[in-house]
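J.: Sharing a structure below in structure tokens format, with a few things to ask.
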Amino acid sequence: MSPPPASSRLSAPVAALVGLLAVFAAVGVGHLVGELVSPNASPFPAVGADVVDLTPYRITEFATSTLAPYHKLVLGIGMAVVIGLFGMIAGLLSRRSAMPGLLLIFVLGLLGAVAVLFEFDPTSVTRDPITDAFDLFATLAGVLAGWGAFLFLRRLGGLGRNVEGDAREGTGAAAVPRRGLLVGSAAVAVGAVTAGTGGVLLAGRRDVEASRRAIGPIRPDVPAPPIPAGADFTADGSPRFITPNSEFYRVDTVLLTVPQLRAEDWRLRIHGMVDRELNLDWADLTSRRLVERTVTMTCVSNEIGGPYISTANFTGVLLADLLAEAGVQKGADQVFTTSIDGWTCGSPTSDVADPGRQAMLAIGMNSEPLPPEHGFPVRMLVPGLYGFVSATKWIVDLELTTFDAEQAYWLQRDWGRLAPIKTMSRIDSPGSFGQVSPDTPLIGIAWAQTKGIEKVEVRIDQGPWQVAELATEVNLDTWRMWRLTTRLQPGSHVAQVRATDKTGYTQTEDRAAPIPDGASGWHRVAFTVV
Ligand SMILES: Nc1nc2c(c(=O)[nH]1)N[C@H]1C(S)=C(S)[C@@H](COP(=O)(O)O)O[C@H]1N2
Ligand SMILES: [Mo]
């Protein structure tokens with residue numbers, strides 16, 4: 001028996017690669033088309049659900065509780081590995097003829113189709129099927145993509161209709177199919193990953209929206225006092241006292257897509273230097289007393305006069321209560337929190353555990369569940385601290401530790417360790433280089449969370465400081481609007497503002513950059529009276 005000519009069969013590594021990429025193309029395209037077709041059409045999660053169903057309950061329970069919230073990810077990766085191996089075997093069996101590989105890809109599709117057709121609504125006792133024949137379209141698209149990729153790559157690998165003729169060992173010509181195979185493989189891999197990721201994003205977005213909708217309006221046990229009528233000067237150009245969720249400033253390290261975490265999948269471990277570890281899920285958290293507080297959040301990166309400040313009614317569970325339940329051990333000076341996307345944050349335990357501070361694990365923002373971009377389902381909130389040291393969105397881990405033991409994300413990047421919000425003020429109207437009439441009032445905001453605003457003064461053209469009228473105070477942790485009524489001569493003017501908080505401190509004129517612990521200095525605006 002002599003070996004067949006090199007040209008009529010693929011080398012083993014190439015054959016395995018071709019099979020691997022072909023099944024991934026099938027899964028990626030099947031998933032994308034599935035998520036486009038209907039919520040239950042994708043074969044990949046359907047097979048995943050069957051894997052879970054067929055696994056003994058004790059094992060799945062154990063896996064979910066130890067791996068949460070990553071249990072689904074782990075299942076997905078496990079399935080991808082098995083499918084990848086299957087694809088490599090399919091490729092290796094098809095070194096000479098494409099038939100075995102095509103057949104195995106079809107078998108894979110058949111498995112997916114069966115899983116899709118026999119999906120049941122887990123919430124219905126009658127076990128009604130939730131899919132119909134139309135949902136098989138996604139699996140079919142996947143199989144066709146897999147076949148297409150398989151034949152295409154085999155061709156580039158030197159096999160195809162006229163292989164015998166073109167493979168000339170030892171000549172430069174051999175490099176051509178190899179380069180073609182490389183480029184083709186990369187293209188198939190990128191295509192498969194793009195399609196699969198597209199499907200994942202579509203699915204995640206829909207799931208999270210459904211999860212938010214199912215929660216419905218957030219009703220606190222202890223509502224915040226209503227906002228009094230005179231709390232803002234909106235008619236004269238101040239921001240509205242409560243910032244609508246869609247206009248609330250947003251700052252985070254998210255690159256492309258906001259983490260998609262369903263309330264059902266949320267878990268939080270409170271651990272480290274505590275007497276009793278707490279493991280909370282959504283039901284545990286929301287069965288506790290829900291307190292609503294009106295709080296103004298501010299970002300440390302806000303420049304003087306900048307926009308990164310907003311106010312909302314936040315509803316949540318007080319961290320002082322949770323930490324008392326866990327029992328904080330002596331010396332644990334840092335509450336170190338982690339979000340599902342791996343961002344970390346260090347807050348002083350003294351602030352988080354202080355009942356007067358009313359730091360919370362927030363689930364509601366202006367009576368709605370948190371919007372995904374503001375941390376759905378749960379975020380942390382500590383009034384009086386800049387967001388980067390207190391306001392972890394998509395929070396999944398809370399560890400009591402020391403500042404010496406662990407360094408949070410921004411601390412590693414030279415931002416401050418302790419960052420209480422600085423007493424500041426801003427001129428909102430007139431805007432920079434704006435044109436106003438002689439008796440247009442000057443309007444703005446001032447803030448000194450936890451301390452409260454005592455006085456705001458405005459100076460025009462280096463004249464004397466004039467005390468501005470203050471809007472009704474809502475609480476010490478919110479911004480306070482101010483208004484100065486004057487009559488100015490036509491021409492150009494410069495206004496400056498400074499606030500004094502209730503400790504008697506007047507904000508410094510010394511300018512500091514936002515890094516490391518917040519900007520300081522007086523906001524000034526040049527404008528024209530016409
Ligand atoms: N997971 C996560 N949480 C985060 C951040 C982040 O990058 N990732 N940024 C923080 C910063 S710097 C601020 S100022 C606030 C902003 O919250 P917001 O986007 O809801 O206004 O979130 C904080 N929480
Ligand atoms: Mo921030």
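Residue numbering restarts at 1 in every chain; chains get A, B, ... in the order shown in the structure tokens, and ligands count up from 1 in that same order.
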Collect all residues with atoms no farther than 8 Å from ligand 1, counting only C-alpha atoms and all ligand atoms, and output them as a PyMOL selection string.
T.: chain A and resi 248-254+297-301+308-310+338-345+373-375+379-380+386-395
J.: Identify, on the basis of only C-alpha atoms, every residue whose closest approach to Leu261 (chain A) does not exceed 8 Å; exclude the query and any residue fewer than 5 positions from it along the same chain; express the result as a VMD selection string.
T.: chain A and resid 204 208 266 376 to 377 394
J.: Region 80-92 of chain A: which residues within 12 Å, counting only C-alpha atoms, same-chain residues fewer than 3 positions away excluded, as a ChimeraX atom specification?
T.: /A:9-28,44-45,47-48,51,73-77,95-109,111-112,146-147,149-151,153-154,157,193,196
J.: Just checking: using only C-alpha atoms, which residue out of A:Ile304, A:Phe62, A:Pro383, A:Lys455 ends up closest to Pro355 (chain A)?
T.: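 Under the stated criterion, the closest residue is A:Pro383.
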J.: Where does DSSP see strand (DSSP E or B) in region 216-352 of chain A, if you list the residues as a VMD selection string?
T.: chain A and resid 222 267 to 272 274 278 to 281 291 to 298 309 to 318 328 334 to 339 344 to 348
J.: What residues in region 358-450 of chain A get the DSSP label helix (DSSP H, G or I)? Please answer as a list of chain:residue names.
T.: A:Pro372, A:Glu373, A:His374, A:Gly387, A:Phe388, A:Val389, A:Leu411, A:Gln412, A:Arg413
J.: Could you please take those selected residues and save N, CA, C and O atoms as an mmCIF file, in the first residue's frame?
T.:
data_model
loop_
_atom_site.group_PDB
_atom_site.id
_atom_site.type_symbol
_atom_site.label_atom_id
_atom_site.label_comp_id
_atom_site.auth_asym_id
_atom_site.auth_seq_id
_atom_site.Cartn_x
_atom_site.Cartn_y
_atom_site.Cartn_z
ATOM 1 N N PRO A 372 -29.751 50.181 32.237
ATOM 2 C CA PRO A 372 -28.547 49.360 32.085
ATOM 3 C C PRO A 372 -27.261 50.176 32.152
ATOM 4 O O PRO A 372 -26.295 49.768 32.798
ATOM 5 N N GLU A 373 -27.248 51.366 31.544
ATOM 6 C CA GLU A 373 -26.008 52.148 31.535
ATOM 7 C C GLU A 373 -25.707 52.782 32.888
ATOM 8 O O GLU A 373 -24.619 53.276 33.115
ATOM 9 N N HIS A 374 -26.661 52.749 33.808
ATOM 10 C CA HIS A 374 -26.396 53.269 35.152
ATOM 11 C C HIS A 374 -26.296 52.143 36.179
ATOM 12 O O HIS A 374 -26.451 52.374 37.375
ATOM 13 N N GLY A 387 -17.853 59.556 42.295
ATOM 14 C CA GLY A 387 -18.303 58.252 41.800
ATOM 15 C C GLY A 387 -17.212 57.192 41.726
ATOM 16 O O GLY A 387 -17.477 56.021 41.978
ATOM 17 N N PHE A 388 -15.985 57.598 41.391
ATOM 18 C CA PHE A 388 -14.946 56.572 41.171
ATOM 19 C C PHE A 388 -14.514 55.886 42.454
ATOM 20 O O PHE A 388 -13.856 54.857 42.397
ATOM 21 N N VAL A 389 -14.855 56.449 43.616
ATOM 22 C CA VAL A 389 -14.532 55.783 44.878
ATOM 23 C C VAL A 389 -15.792 55.330 45.610
ATOM 24 O O VAL A 389 -15.750 55.096 46.826
ATOM 25 N N LEU A 411 -7.100 54.077 41.352
ATOM 26 C CA LEU A 411 -5.958 54.309 42.238
ATOM 27 C C LEU A 411 -4.684 53.789 41.569
ATOM 28 O O LEU A 411 -3.621 54.414 41.627
ATOM 29 N N GLN A 412 -4.809 52.656 40.859
ATOM 30 C CA GLN A 412 -3.663 52.114 40.118
ATOM 31 C C GLN A 412 -3.249 53.058 38.994
ATOM 32 O O GLN A 412 -2.155 52.949 38.455
ATOM 33 N N ARG A 413 -4.147 53.971 38.617
ATOM 34 C CA ARG A 413 -3.867 54.891 37.514
ATOM 35 C C ARG A 413 -3.691 56.320 38.029
ATOM 36 O O ARG A 413 -4.064 57.278 37.356
#
J.: Give me the residues within 7 Å of Ser429 (chain A) as a PyMOL selection string, counting only C-alpha atoms and dropping any in the same chain fewer than 6 places off.
T.: chain A and resi 237+442-444
J.: Which residues, written as a list in words, have at least one atom at most 10 Å from Gly306 (chain A), with only C-alpha atoms counted and residues fewer than 6 positions away on the same chain left out?
T.: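 In the requested format, the answer is Cys299, Arg426, Ile427, Asp428, Ala519 and His523 of chain A.
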J.: Any chance you can output those residues with N, CA and C atoms as an mmCIF file, in the first residue's frame?
T.:
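New file out09.cif:
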data_model
loop_
_atom_site.group_PDB
_atom_site.id
_atom_site.type_symbol
_atom_site.label_atom_id
_atom_site.label_comp_id
_atom_site.auth_asym_id
_atom_site.auth_seq_id
_atom_site.Cartn_x
_atom_site.Cartn_y
_atom_site.Cartn_z
ATOM 1 N N CYS A 299 -18.807 63.509 39.277
ATOM 2 C CA CYS A 299 -17.608 62.786 38.844
ATOM 3 C C CYS A 299 -16.372 63.609 39.151
ATOM 4 N N ARG A 426 -21.292 76.523 40.078
ATOM 5 C CA ARG A 426 -21.227 76.642 38.613
ATOM 6 C C ARG A 426 -22.238 77.688 38.165
ATOM 7 N N ILE A 427 -21.876 78.428 37.135
ATOM 8 C CA ILE A 427 -22.814 79.379 36.519
ATOM 9 C C ILE A 427 -23.435 78.687 35.311
ATOM 10 N N ASP A 428 -24.761 78.571 35.306
ATOM 11 C CA ASP A 428 -25.429 77.900 34.187
ATOM 12 C C ASP A 428 -25.962 78.895 33.153
ATOM 13 N N ALA A 519 -11.373 68.809 40.788
ATOM 14 C CA ALA A 519 -10.993 70.175 40.429
ATOM 15 C C ALA A 519 -11.393 71.139 41.534
ATOM 16 N N HIS A 523 -15.627 79.119 39.110
ATOM 17 C CA HIS A 523 -16.108 79.115 37.729
ATOM 18 C C HIS A 523 -16.320 80.554 37.277
#
J.: So how far away is CA of Ile215 (chain A) from CA of Leu268 (chain A), in Å?
T.: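 Computed distance, CA of Leu268 (chain A) to CA of Ile215 (chain A), equals 18.4 Å.
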J.: Using CA of Pro56 (chain A) and CA of His71 (chain A) as the two end points, give the distance in Å to one decimal.
T.: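 It comes out at 15.6 Å.
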J.: Quick one: residues within 12 Å of region 321-333 of chain A, only C-alpha atoms counted, chain neighbours fewer than 5 positions away excluded, as a ChimeraX atom specification?
T.: /A:268-280,284-285,288-291,316,346-361,398-406,417-418
